[in-house]
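Encoded as structure tokens, the structure appears first; notes follow it.
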Amino acid sequence: MSAAPSPATCPLCGQANACAVAAGLPPETCWCMQTRIPASVLESIPAAERGQRCVCPACGQTPPPPDTPH
């Protein structure tokens, strides 16, 4: 049995996601509240992790390559 992924890591690259909510801070202080994240990025998050882990600023601003599996 493997441990659940940390809510503080990006589900796309595995690096720290700088999520304010995961750090116990108010949601409105998070970097993502000031940045438009492309739909293609959100769609590339594995279905089981959507709404569970946030992407990092680097992944949130860079659309994934077109051949990225979903």
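Starting from 1 in every chain, residues are counted up; chains themselves are A, B, ... following the order of the structure tokens, and ligands are numbered from 1 as listed.
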For region 1-15 of chain A, please output as a short mmCIF file (atom, residue, chain, number, x, y, z; two decimals) with C-alpha atoms, in the first residue's frame all residues within 12 Å (counting only C-alpha atoms; exclusion window: fewer than 4 positions along the same chain).
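And here's result_11.cif as it stands now:
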```cif
data_model
loop_
_atom_site.label_atom_id
_atom_site.label_comp_id
_atom_site.auth_asym_id
_atom_site.auth_seq_id
_atom_site.Cartn_x
_atom_site.Cartn_y
_atom_site.Cartn_z
CA CYS A 19 -0.56 26.13 -2.38
CA ALA A 20 -1.71 28.50 0.36
CA VAL A 21 -4.55 26.17 1.37
CA ALA A 22 -2.17 23.21 1.78
CA ALA A 23 -0.02 25.47 3.97
CA GLY A 24 -3.03 26.34 6.14
CA VAL A 41 -3.51 22.22 -17.70
CA LEU A 42 -6.43 21.44 -15.42
CA GLU A 43 -7.58 18.66 -17.77
CA SER A 44 -4.10 17.09 -17.64
CA ILE A 45 -4.40 16.46 -13.88
CA PRO A 46 -5.17 12.77 -13.31
CA ALA A 47 -8.90 12.38 -12.61
CA ALA A 48 -8.33 10.84 -9.17
CA GLU A 49 -6.30 13.88 -8.09
CA ARG A 50 -8.56 16.67 -9.38
CA GLY A 51 -9.77 18.76 -6.48
CA GLN A 52 -7.27 17.02 -4.19
CA ARG A 53 -3.93 18.57 -5.22
CA CYS A 54 -3.06 21.84 -6.90
CA VAL A 55 -0.60 22.38 -9.71
CA CYS A 56 2.56 24.41 -9.09
CA PRO A 57 3.05 27.91 -10.56
CA ALA A 58 5.32 26.58 -13.34
CA CYS A 59 2.87 23.91 -14.49
CA GLY A 60 -0.08 26.25 -13.98
CA THR A 62 2.57 26.23 -19.10
CA PRO A 63 0.09 24.19 -21.12
CA PRO A 64 1.14 20.54 -21.36
CA THR A 68 0.33 14.25 -22.63
CA PRO A 69 -1.81 11.29 -21.48
CA HIS A 70 -4.85 12.18 -19.35
#
```
